[in-house]
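Peer 1: Here it is, the structure in full.
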Amino acid sequence: MVEAGTTRFPGLPLDGGASLAAVRLAWSRFGPPPDRARAVVLLLHGISGSQQALRAPGGQAQHPDAGWAAAWLGPGNALDTRHICVLAPNALGSCFGSSGPEGSTAREFPDISIADGVRLQGMWLRAMGVERLDAVVGYSYGGYQAFQWAVRPPLPVGRAIAMASAPRGGGSEADVQRLRRVAAALDAGDPQAWNEWVELRCATLRRYGYAQWLRDMGESGMEQRIHGEAAAWAARFSPWSMAVLRASACRYDARPALRDAVTPVYWLRCRSDALFPPGVAGHEPYPAHVVQISVDGRYGHASPVLEGEIWRAPLVRAMTSSSL
């Protein structure tokens with residue numbers, strides 16, 4: 001069972017002191033409604049992704065990443081939609097239906113935090129009649145939100161599961177400023193800005209492990225394939241949105257709060273992930289309620305999407321473990 005919609009609220013106060021009026025959150029639901037499910041799980045997408053964790057039914061527009069969780073979401077999978085209600089919201093600030101920068105006022109969209117987006121998710125869940133989550137599962141940028149659910153949940157949650165992510169965000173303020181410059185130049189009709197926007201996406205696909213996956217799949221025109229997919233994505237994704245999301249990511253750090261949190265956290269890390277490699281020093285060792293699980297993926301940060309079958313067993317372990 002698949003359902004999609006948009007829920008609106010009169011406003012959302014933001015950590016930075018501003019507020020959003022008439023805020024909206026776009027979402028998809030996979031599996032039975034919450035009141036008919038054995039468990040309710042919140043599923044959170046990556047920074048460039050969408051709420052379409054499975055491809056949308058016929059007639060609905062398909063976002064560029066539609067089906068990103070198909071290897072471990074669906075009937076009989078780790079997130080078994082025969083019994084589990086999986087709720088997937090579009091991130092606040094994104095450009096696939098939730099409130100974000102758009103139109104002539106895009107540059108005026110206020111700064112948001114990871115916590116702001118999580119509070120909006122809590123408002124939405126209560127509007128859906130959900131008062132408790134069995135789990136939150138987040139990939140990449142969604143993993144930041146999963147950590148935030150662990151340290152400051154807007155409603156009770158049984159466990160948080162972060163995949164290919166970390167409790168500290170990535171990127172820099174220089175990245176944010178570059179994205180804003182590209183966005184303004186695109187608005188002004190600068191053709192070089194379009195080339196730069198596409199090349200930024202090409203570089204991301206290479207860095208995430210997609211190029212290696214194409215080589216291993218025997219793709220003969222690898223660079224043409226990467227460029228074509230990057231251009232298709234760039235035509236749909238707003239650089240203003242990417243700037244907002246990147247700013248919220250690079251300012252995020254849940255590590256101090258994580259030491260005092262009590263929600264069980266399962267942190268699934270890919271051994272080949274150059275963005276969030278296992279074993280990186282920081283505020284480690286983490287407390288006992290943070291269980292780190294290494295996954296032997298070949299394709300780096302994109303491993304959960306490109307070789308999702310090897311993430312099923314670790315995800316089942318994280319969903320069902322009672323060792324804490």
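Ligands are numbered from 1 in the order shown, chains are lettered A, B, ... in the order of the structure tokens, and residues start at 1 in each chain.
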Let's see if you can do this: from backbone DSSP, list all alpha helix (DSSP H) residues in range 131-182 of chain A, as a list of chain:residue names.

Peer 2: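 Taking range 131-182 of chain A and keeping alpha helix (DSSP H) only, one gets A:Tyr141, A:Gly142, A:Gly143, A:Tyr144, A:Gln145, A:Ala146, A:Phe147, A:Gln148, A:Trp149, A:Ala150, A:Val151, A:Glu173, A:Ala174, A:Asp175, A:Val176, A:Gln177, A:Arg178, A:Leu179, A:Arg180, A:Arg181, A:Val182.
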
Peer 1: Within 10 Å of Ile47 in chain A, counting only C-alpha atoms, which residues show up once you throw out same-chain ones fewer than 5 positions away? Write them as a list in words, please.

Peer 2: Ala91, Gly93, Ser94, Tyr139, Ser140, Tyr141, Gly142, Gly143, Ser241, Met242, Leu245, Arg246 and Ala249 of chain A

Peer 1: Please provide the set of residues having any atom within 12 Å of Ser104 in chain A, restricted to only C-alpha atoms, with same-chain residues fewer than 4 positions apart removed, written as a PyMOL selection string.

Peer 2: chain A and resi 108-109+183-184+187-188+240

Peer 1: List every residue of range 2-100 of chain A that has an atom at most 9 Å from any atom of range 123-137 of chain A, giving for each one its closest atom pair and the distance in Å to one decimal, counting only C-alpha atoms, sorted by chain and then by ascending residue number, as CSV.

Peer 2:
residue,atom,partner,partner_atom,distance
A:Thr7,CA,A:Trp124,CA,7.0
A:Arg8,CA,A:Trp124,CA,8.5
A:Phe9,CA,A:Met123,CA,8.5
A:Leu25,CA,A:Trp124,CA,7.5
A:Pro34,CA,A:Val130,CA,6.8
A:Asp35,CA,A:Gly129,CA,8.1
A:Ala39,CA,A:Asp134,CA,5.9
A:Val40,CA,A:Leu133,CA,5.4
A:Val41,CA,A:Ala135,CA,4.9
A:Leu42,CA,A:Val136,CA,4.7
A:Leu43,CA,A:Val137,CA,4.9
A:Leu44,CA,A:Val137,CA,6.2
A:His45,CA,A:Val137,CA,9.0
A:Leu87,CA,A:Leu125,CA,8.8
A:Pro89,CA,A:Trp124,CA,8.9

Peer 1: Using DSSP secondary structure from the backbone, list all strand (DSSP E) positions within range 37-255 of chain A, as a VMD selection string.

Peer 2: chain A and resid 39 to 44 84 to 89 135 to 139 160 to 163

Peer 1: Suppose you want the space between CA of Pro101 in chain A and CA of Gly209 in chain A; what is it in Å?

Peer 2: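 About the pair CA of Pro101 in chain A and CA of Gly209 in chain A: they are 29.0 Å apart.
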
Peer 1: With a distance cut-off of 12 Å and only C-alpha atoms, select the neighbouring residues of Asp216 in chain A, excluding the residue or stretch itself and same-chain residues fewer than 4 positions from it, and output the selection as number ranges by chain.

Peer 2: A: 209-212, 220, 222, 298-299, 306

Peer 1: Can you check which parts of range 231-271 of chain A lie within 8 Å of range 314-324 of chain A? Per residue, the shortest pair of atoms and distance in Å to one decimal, counting only C-alpha atoms, sorted by chain and number, as JSON lines.

Peer 2:
{"residue": "A:Pro264", "atom": "CA", "partner": "A:Leu324", "partner_atom": "CA", "distance": 7.1}
{"residue": "A:Tyr266", "atom": "CA", "partner": "A:Ala318", "partner_atom": "CA", "distance": 5.8}
{"residue": "A:Leu268", "atom": "CA", "partner": "A:Pro314", "partner_atom": "CA", "distance": 7.4}

Peer 1: Distance CA of Pro239 in chain A-CA of Val182 in chain A, one decimal place?

Peer 2: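 Atom-to-atom, CA of Pro239 in chain A to CA of Val182 in chain A, that is 7.1 Å.
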
Peer 1: What does the distance from CA of Gln177 in chain A to CA of Ser50 in chain A come to in Å, to one decimal?

Peer 2: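 Atom-to-atom, CA of Gln177 in chain A to CA of Ser50 in chain A, that is 23.4 Å.
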
Peer 1: Rank A:Val295, A:Met163, A:Ile84, A:Leu155 by their smallest atom-to-atom distance to Thr263 in chain A, using only C-alpha atoms, and report the top residue only.

Peer 2: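 Smallest distance to Thr263 in chain A is found for A:Leu155.
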